[in-house]
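Visitor: Input data.txt, format and content: compact mmCIF, C-alpha atoms.
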# COMPACT_ATOMS: atom_id res chain seq x y z
CA MET A 808 12.23 -8.12 10.94
CA ASN A 809 13.52 -4.75 9.84
CA VAL A 810 12.13 -4.07 6.38
CA GLN A 811 15.37 -2.47 5.20
CA LYS A 812 17.18 -5.72 6.02
CA LEU A 813 14.57 -7.62 4.02
CA LEU A 814 15.19 -5.34 1.06
CA GLU A 815 18.95 -5.81 1.32
CA LEU A 816 18.45 -9.52 1.12
CA ALA A 817 15.91 -9.39 -1.70
CA ASP A 818 18.03 -6.93 -3.71
CA ASP A 819 21.11 -9.14 -3.30
CA GLU A 820 19.22 -12.15 -4.65
CA LEU A 821 17.62 -10.23 -7.52
CA ILE A 822 20.81 -8.58 -8.72
CA LEU A 823 22.94 -11.70 -8.32
CA GLY A 824 20.31 -13.70 -10.20
CA TRP A 825 20.39 -11.06 -12.91
CA ARG A 826 24.20 -11.09 -13.14
CA ASN A 827 24.39 -14.89 -13.17
CA SER A 828 21.80 -15.02 -15.93
CA GLU A 829 24.19 -13.02 -18.11
CA TRP A 830 26.00 -16.36 -18.59
CA THR A 831 22.97 -18.00 -20.17
CA GLY A 832 24.01 -19.23 -23.59
CA ILE A 833 27.73 -18.53 -23.11
CA ALA A 834 28.78 -20.60 -20.08
CA PRO A 835 31.94 -22.70 -20.53
CA LEU A 836 30.00 -25.85 -21.35
CA LEU A 837 26.41 -26.68 -22.17
CA GLU A 838 25.68 -28.60 -18.97
CA GLU A 839 27.06 -25.74 -16.90
CA ASP A 840 24.94 -23.33 -18.88
CA VAL A 841 21.81 -25.20 -17.79
CA ALA A 842 22.97 -25.53 -14.18
CA PHE A 843 24.10 -21.93 -13.74
CA SER A 844 20.99 -20.53 -15.43
CA SER A 845 18.88 -22.61 -13.10
CA ILE A 846 20.73 -21.21 -10.09
CA ALA A 847 20.14 -17.71 -11.42
CA GLN A 848 16.45 -18.45 -11.76
CA ASN A 849 16.30 -19.79 -8.19
CA GLU A 850 17.93 -16.61 -6.84
CA ILE A 851 15.33 -14.47 -8.58
CA GLY A 852 12.62 -16.73 -7.13
CA HIS A 853 14.05 -16.15 -3.65
CA ALA A 854 14.12 -12.42 -4.32
CA ARG A 855 10.42 -12.52 -5.18
CA ALA A 856 9.57 -14.34 -1.95
CA TRP A 857 11.46 -11.78 0.17
CA TYR A 858 10.02 -8.83 -1.80
CA GLU A 859 6.53 -10.17 -1.14
CA LEU A 860 7.16 -10.08 2.61
CA ALA A 861 8.63 -6.60 2.38
CA ALA A 862 5.79 -5.43 0.12
CA ARG A 863 3.19 -6.39 2.71
CA GLU A 864 4.99 -4.31 5.33
CA LEU A 865 5.29 -1.37 2.97
CA GLY A 866 1.84 -1.61 1.39
CA THR A 867 3.14 -2.18 -2.13
CA THR A 868 3.84 -5.15 -4.45
CA ALA A 869 6.88 -7.31 -5.15
CA ASP A 870 7.06 -6.07 -8.75
CA GLU A 871 7.02 -2.44 -7.67
CA LEU A 872 9.85 -3.08 -5.23
CA ALA A 873 11.87 -5.03 -7.77
CA PHE A 874 11.40 -2.76 -10.78
CA ASP A 875 9.94 0.62 -9.89
CA ARG A 876 12.55 2.03 -7.52
CA GLN A 877 15.24 4.51 -8.46
CA PRO A 878 18.78 3.13 -8.78
CA ASP A 879 19.98 4.72 -5.54
CA GLU A 880 17.16 3.01 -3.60
CA TYR A 881 18.56 -0.48 -4.24
CA ARG A 882 20.40 -1.73 -1.20
CA CYS A 883 22.29 -4.63 -2.76
CA SER A 884 25.89 -5.42 -1.89
CA THR A 885 28.72 -4.26 -4.14
CA LEU A 886 29.65 -7.92 -4.58
CA VAL A 887 26.53 -8.74 -6.58
CA GLN A 888 26.58 -5.60 -8.69
CA LEU A 889 29.85 -6.29 -10.49
CA ARG A 890 29.52 -7.35 -14.10
CA LEU A 891 31.91 -10.30 -14.38
CA VAL A 892 31.06 -11.79 -17.78
CA PRO A 893 33.18 -13.18 -19.50
CA ASP A 894 35.49 -13.96 -16.56
CA TRP A 895 34.48 -17.41 -15.28
CA ALA A 896 37.11 -17.56 -12.51
CA ARG A 897 35.81 -14.33 -10.94
CA THR A 898 32.21 -15.42 -11.47
CA ILE A 899 32.81 -18.65 -9.57
CA ALA A 900 34.76 -16.77 -6.91
CA ARG A 901 31.78 -14.44 -6.41
CA HIS A 902 29.43 -17.43 -6.34
CA CYS A 903 31.56 -19.01 -3.56
CA VAL A 904 31.92 -15.80 -1.54
CA TYR A 905 28.21 -15.08 -1.84
CA GLU A 906 27.03 -18.56 -0.92
CA ARG A 907 29.28 -18.66 2.16
CA SER A 908 28.16 -15.27 3.42
CA ASP A 909 24.54 -15.91 2.51
CA GLN A 910 24.60 -19.18 4.44
CA ALA A 911 25.41 -17.35 7.68
CA ARG A 912 22.65 -14.82 6.99
CA ILE A 913 20.07 -17.52 6.22
CA GLU A 914 21.06 -19.48 9.35
CA ALA A 915 20.37 -16.40 11.47
CA LEU A 916 17.02 -15.84 9.73
CA LYS A 917 15.97 -19.42 10.43
CA GLN A 918 16.13 -18.48 14.13
CA SER A 919 13.98 -15.38 13.59
CA GLU A 920 11.11 -14.74 16.05
CA ASP A 921 8.93 -13.94 13.05
CA ALA A 922 7.62 -17.38 12.13
CA GLU A 923 7.01 -16.37 8.53
CA VAL A 924 10.58 -15.16 8.07
CA ALA A 925 11.98 -18.26 9.76
CA GLY A 926 9.81 -20.54 7.64
CA LEU A 927 10.77 -18.85 4.39
CA ALA A 928 14.45 -18.90 5.36
CA ALA A 929 14.25 -22.65 6.01
CA LYS A 930 12.55 -23.24 2.68
CA ILE A 931 15.08 -21.16 0.77
CA ASP A 932 17.95 -22.79 2.62
CA ARG A 933 16.97 -26.18 1.20
CA GLU A 934 17.46 -24.79 -2.30
CA GLU A 935 20.61 -22.89 -1.35
CA ALA A 936 22.11 -26.18 -0.15
CA TYR A 937 22.26 -27.17 -3.78
CA HIS A 938 23.85 -23.84 -4.77
CA ARG A 939 26.48 -24.34 -2.10
CA MET A 940 27.21 -27.82 -3.39
CA HIS A 941 27.67 -26.38 -6.87
CA ALA A 942 29.93 -23.58 -5.58
CA GLU A 943 32.06 -25.95 -3.51
CA MET A 944 32.49 -28.36 -6.37
CA TRP A 945 33.79 -25.57 -8.60
CA SER A 946 35.95 -24.13 -5.85
CA GLU A 947 37.55 -27.54 -5.36
CA ARG A 948 38.26 -27.73 -9.08
CA LEU A 949 39.71 -24.22 -9.39
CA LYS A 950 41.56 -24.04 -6.08
CA ASP A 951 45.03 -24.25 -7.65
CA GLU A 952 44.22 -21.69 -10.31
CA PRO A 953 45.93 -18.36 -9.43
CA ARG A 954 43.25 -16.29 -11.15
CA PHE A 955 40.64 -17.92 -8.92
CA SER A 956 42.59 -17.31 -5.68
CA ALA A 957 43.22 -13.70 -6.69
CA ALA A 958 39.52 -13.23 -7.41
CA LEU A 959 38.54 -14.68 -4.02
CA GLU A 960 40.86 -12.23 -2.31
CA GLU A 961 39.50 -9.35 -4.34
CA LEU A 962 35.82 -10.19 -3.80
CA GLU A 963 35.68 -11.48 -0.22
CA PRO A 964 35.57 -8.03 1.42
CA LEU A 965 32.76 -6.80 -0.84
CA PHE A 966 29.76 -8.70 0.56
CA ASP A 967 29.25 -6.24 3.38
CA VAL A 968 29.83 -3.11 1.29
CA ARG A 969 26.53 -1.38 0.56
CA ASP A 970 27.26 2.32 0.73
CA GLU A 971 27.41 3.07 -2.96
CA HIS A 972 26.80 1.55 -6.36
CA VAL A 973 29.51 0.52 -8.79
CA PRO A 974 29.34 2.34 -12.15
CA GLU A 975 28.08 -0.69 -14.11
CA PHE A 976 25.00 -0.95 -11.88
CA ALA A 977 23.41 1.88 -13.88
CA ALA A 978 23.33 -0.16 -17.10
CA LEU A 979 21.88 -3.16 -15.28
CA TRP A 980 19.13 -1.01 -13.79
CA GLU A 981 18.38 0.55 -17.21
CA GLU A 982 17.88 -2.83 -18.79
CA MET A 983 16.14 -4.50 -15.86
CA THR A 984 13.51 -1.79 -15.46
CA MET A 985 13.10 -0.98 -19.17
CA VAL A 986 9.74 -2.72 -19.65
CA ARG A 987 8.21 -1.30 -16.50
CA ARG A 988 9.40 2.18 -17.38
CA SER A 989 7.99 2.04 -20.90
CA VAL A 990 4.68 0.37 -19.87
CA ALA A 991 3.91 1.40 -16.32
CA GLY A 992 2.60 -1.48 -14.22
CA ALA A 993 3.36 -4.06 -16.92
CA THR A 994 2.78 -7.65 -15.84
CA TRP A 995 3.10 -10.95 -17.64
CA MET B 196 33.93 -37.52 -19.92
CA ILE B 197 30.45 -38.63 -20.92
CA TYR B 198 28.07 -39.97 -18.29
CA GLU B 199 24.91 -41.82 -19.22
CA VAL B 200 21.88 -40.95 -17.13
CA PHE B 201 18.96 -43.27 -16.41
CA ARG B 202 15.76 -42.02 -14.91
CA GLN B 203 13.03 -43.63 -12.83
CA GLU B 204 9.75 -41.83 -13.22
CA ARG B 205 7.86 -43.43 -10.33
CA LYS B 206 8.97 -45.58 -7.44
CA GLY B 207 9.03 -49.24 -8.40
CA GLN B 208 9.16 -48.56 -12.14
CA ALA B 209 12.02 -49.63 -14.37
CA PHE B 210 14.78 -47.11 -15.08
CA ALA B 211 14.94 -45.86 -18.64
CA HIS B 212 17.74 -44.09 -20.45
CA ALA B 213 17.22 -40.33 -20.13
CA GLY B 214 20.25 -38.98 -21.98
CA SER B 215 23.82 -38.09 -21.24
CA VAL B 216 25.84 -35.30 -19.66
CA GLU B 217 29.42 -34.23 -20.20
CA ALA B 218 31.27 -33.63 -16.94
CA PRO B 219 34.85 -33.76 -15.65
CA ASN B 220 34.02 -36.09 -12.73
CA GLU B 221 31.17 -37.80 -10.91
CA GLU B 222 30.44 -34.87 -8.67
CA PHE B 223 29.87 -32.56 -11.63
CA ALA B 224 27.97 -35.31 -13.42
CA GLU B 225 25.62 -35.57 -10.45
CA ALA B 226 25.02 -31.83 -10.35
CA TYR B 227 24.37 -31.64 -14.07
CA ALA B 228 22.15 -34.73 -14.11
CA ARG B 229 20.05 -33.28 -11.26
CA GLU B 230 19.57 -30.10 -13.26
CA GLN B 231 18.75 -31.73 -16.56
CA TYR B 232 16.73 -34.75 -15.49
CA GLY B 233 15.49 -34.07 -11.98
CA ARG B 234 14.59 -30.51 -11.26
CA ARG B 235 11.06 -30.56 -12.67
CA GLY B 236 9.88 -33.42 -10.47
CA GLU B 237 10.09 -35.75 -13.48
CA SER B 238 12.23 -38.34 -11.67
CA THR B 239 12.15 -40.17 -8.36
CA ALA B 240 15.69 -41.49 -8.86
CA LEU B 241 18.59 -41.30 -11.31
CA TRP B 242 21.41 -43.68 -12.17
CA ILE B 243 24.58 -42.09 -13.48
CA ALA B 244 27.32 -44.17 -15.05
CA PRO B 245 30.42 -43.32 -17.08
CA ARG B 246 29.73 -44.34 -20.68
CA ASP B 247 32.95 -46.40 -20.69
CA SER B 248 31.69 -48.50 -17.80
CA LEU B 249 28.71 -49.77 -19.77
CA HIS B 250 29.15 -53.02 -21.61
CA GLU B 251 27.60 -52.74 -25.01
CA ILE B 252 26.52 -55.66 -27.20
CA GLU B 253 25.40 -54.98 -30.73
CA ASP B 254 26.24 -58.09 -32.75
CA PHE B 255 23.24 -60.35 -32.95
CA VAL B 256 23.98 -63.14 -35.41
CA ASP B 257 21.23 -65.10 -37.13
CA GLU B 258 23.09 -66.88 -39.92
CA LEU B 259 20.53 -69.62 -40.36
CA GLY B 260 17.52 -67.33 -40.44
CA ARG B 261 15.80 -69.03 -37.51
CA ASN B 262 12.78 -66.82 -37.54
CA TYR B 263 10.97 -68.99 -34.96
CA HIS B 264 13.19 -67.27 -32.33
CA ARG B 265 11.54 -63.98 -33.11
CA VAL B 266 8.13 -62.57 -32.40
CA ASP B 267 7.54 -62.03 -36.11
CA GLY B 268 8.41 -65.70 -36.79
CA TYR B 269 4.83 -66.88 -36.40
CA PRO B 270 2.47 -64.95 -38.63
CA LEU B 271 -0.91 -65.33 -36.92
CA LYS B 272 -3.03 -63.46 -39.42
CA GLU B 273 -3.87 -66.44 -41.64
CA LYS B 274 -4.36 -68.79 -38.68
CA LEU B 275 -6.73 -66.32 -37.07
CA GLY B 276 -8.64 -65.91 -40.33
CA ARG B 277 -9.14 -69.67 -40.58
CA ALA B 278 -10.18 -69.92 -36.96
CA ARG B 279 -12.79 -67.21 -37.52
CA GLU B 280 -14.16 -69.03 -40.54
CA ARG B 281 -14.49 -72.22 -38.50
CA ALA B 282 -16.22 -70.39 -35.71
CA GLU B 283 -18.71 -68.83 -38.12
CA ALA B 284 -19.35 -72.15 -39.79
CA ALA B 285 -19.98 -73.73 -36.37
CA ARG B 286 -22.45 -70.97 -35.46
CA ALA B 287 -24.31 -71.40 -38.78
CA ARG B 288 -24.95 -75.09 -38.04
Could you render the structure as C-alpha cells?
Guide:
Amino acid sequence: MNVQKLLELADDELILGWRNSEWTGIAPLLEEDVAFSSIAQNEIGHARAWYELAARELGTTADELAFDRQPDEYRCSTLVQLRLVPDWARTIARHCVYERSDQARIEALKQSEDAEVAGLAAKIDREEAYHRMHAEMWSERLKDEPRFSAALEELEPLFDVRDEHVPEFAALWEEMTMVRRSVAGATW
Amino acid sequence: MIYEVFRQERKGQAFAHAGSVEAPNEEFAEAYAREQYGRRGESTALWIAPRDSLHEIEDFVDELGRNYHRVDGYPLKEKLGRARERAEAARAR
C-alpha cells in the first residue's frame, strides 16, 4: 500500500481523535462524555496502528510520524481539522460523515493484497462498527433538527479535501506537539 | 430516563447490580452501558432495565419480633462454648 495513503488515514484518525477529545469533560451529558471520549481514544489507537505500519516503510517510529512533522506535512482531511467545540450538532454531523466515508475506505482496505493491511483493517473495522452504531443512533435522534441537517450539508463535501489546512489546525498542531518540541524524543 | 445496569462477570455467575446510566431510550442506554460497564473486559453480559420497570419492595414487617426467622436469631456462641467444655471433659476422662 502507498505509504502516503497510509499517512492520510493515520492523520485523519489522529486529528479526529484529538478534536473529539476536546469534548472530554464538557459533553452534553455525563454518559455521553464517557462514550465520546472512549471513541476519541479508539481513533487515536487506530492512528497508532497505521503509523506503525507507515513507520516501518519509512524507517522511523509512530511517535515521530505523529508528533515530529511540520504542520504542512500532515495529510489529514479538512473535515477532521475543524474545531467544532462547543457545537454538538456539527460535531455529530462530522462524526456521521466521517464514519460513513471511513467505512468505505476500511472496506476497500480489507480487500488489500497486503495481508498485514487487510488484517489491521478488519481488526479496526470491528471497533468502528461500534462508532458507526453510536453515530447512527445520534443521527436518528437529531434528524429533524435543522442545525444538524445544515451541518451535514456543510461537512459532507469536506472528507475528500486535503489540499490545504484550515487556520485552526495551527493551534492544534502547536498544542499536540508541544511536549515533543520542548523535550525532543519524549516518551511516556 | 434512568436505566439500571446489571453485570455478569463470568459465564454462569449471577448478575449483580453494576450501576445506572441516564439515557433518552434503550438504544442510547445500551451504548452507554457498554462503555461504562463492558469495555474493559469486566463483563460477559449485561442486563439493562428502565428503573421504573423494576418492582421494589422495602417494607419488611416484624411486629412480633420473631427473631427465629433471622440468621442472628440463634446465638451459637454460648452453645459452642458448652460443647467445647463437654468435649474437653470427655477427653480428660
Visitor: How many Å separate CA of Ala847 in chain A from CA of Asn827 in chain A?
Guide: 5.4 Å
Visitor: Within 8 Å of chain B, which residues of chain A show up when using all atoms listed in the file, listed as a PDB file with C-alpha atoms, in the frame of the given file?
Guide:
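Generated output (selection00.pdb):
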ATOM      1  CA  GLU A 838      25.680 -28.600 -18.970  1.00  0.00           C
ATOM      2  CA  GLU A 839      27.060 -25.740 -16.900  1.00  0.00           C
ATOM      3  CA  VAL A 841      21.810 -25.200 -17.790  1.00  0.00           C
ATOM      4  CA  ALA A 842      22.970 -25.530 -14.180  1.00  0.00           C
ATOM      5  CA  SER A 845      18.880 -22.610 -13.100  1.00  0.00           C
ATOM      6  CA  HIS A 941      27.670 -26.380  -6.870  1.00  0.00           C
ATOM      7  CA  MET A 944      32.490 -28.360  -6.370  1.00  0.00           C
TER       8      MET A 944
END
Visitor: Between CA of Trp825 in chain A and CA of Ala873 in chain A, what is the distance, to one decimal in Å?
Guide: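 It comes out at 11.6 Å.
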Visitor: Considering all atoms listed in the file, return as a ChimeraX atom specification whatever protein or nucleic-acid residues lie within 12 Å of Ser956 in chain A, sequence-local ones (same chain, fewer than 2 positions apart) excluded.
Guide: /A:896-897,899-901,903-904,946-954,958-963
Visitor: Give me, please, the distance in Å between CA of Arg987 in chain A and CA of Asp818 in chain A, quoted to one decimal.
Guide: 17.1 Å
Visitor: Which is closer to Glu820 in chain A than all the others in A:Gly992, A:Gly926, A:Pro974, A:Gly852, using only C-alpha atoms?
Guide: A:Gly852
Visitor: Select, counting all atoms listed in the file, all protein, DNA and RNA residues no farther than 12 Å from (13.0, -23.9, -2.5) in file coordinates, and express the selection as a list in words.
Guide: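 Counting all atoms listed in the file, I find these residues within 12 Å of (13.0, -23.9, -2.5): Ile846, Gln848, Asn849, Glu850, Ile851, Gly852, His853, Ala854, Arg855, Ala856, Gly926, Leu927, Ala928, Ala929, Lys930, Ile931, Asp932, Arg933, Glu934, Glu935, Ala936, Tyr937 and His938 of chain A; Arg234 of chain B.
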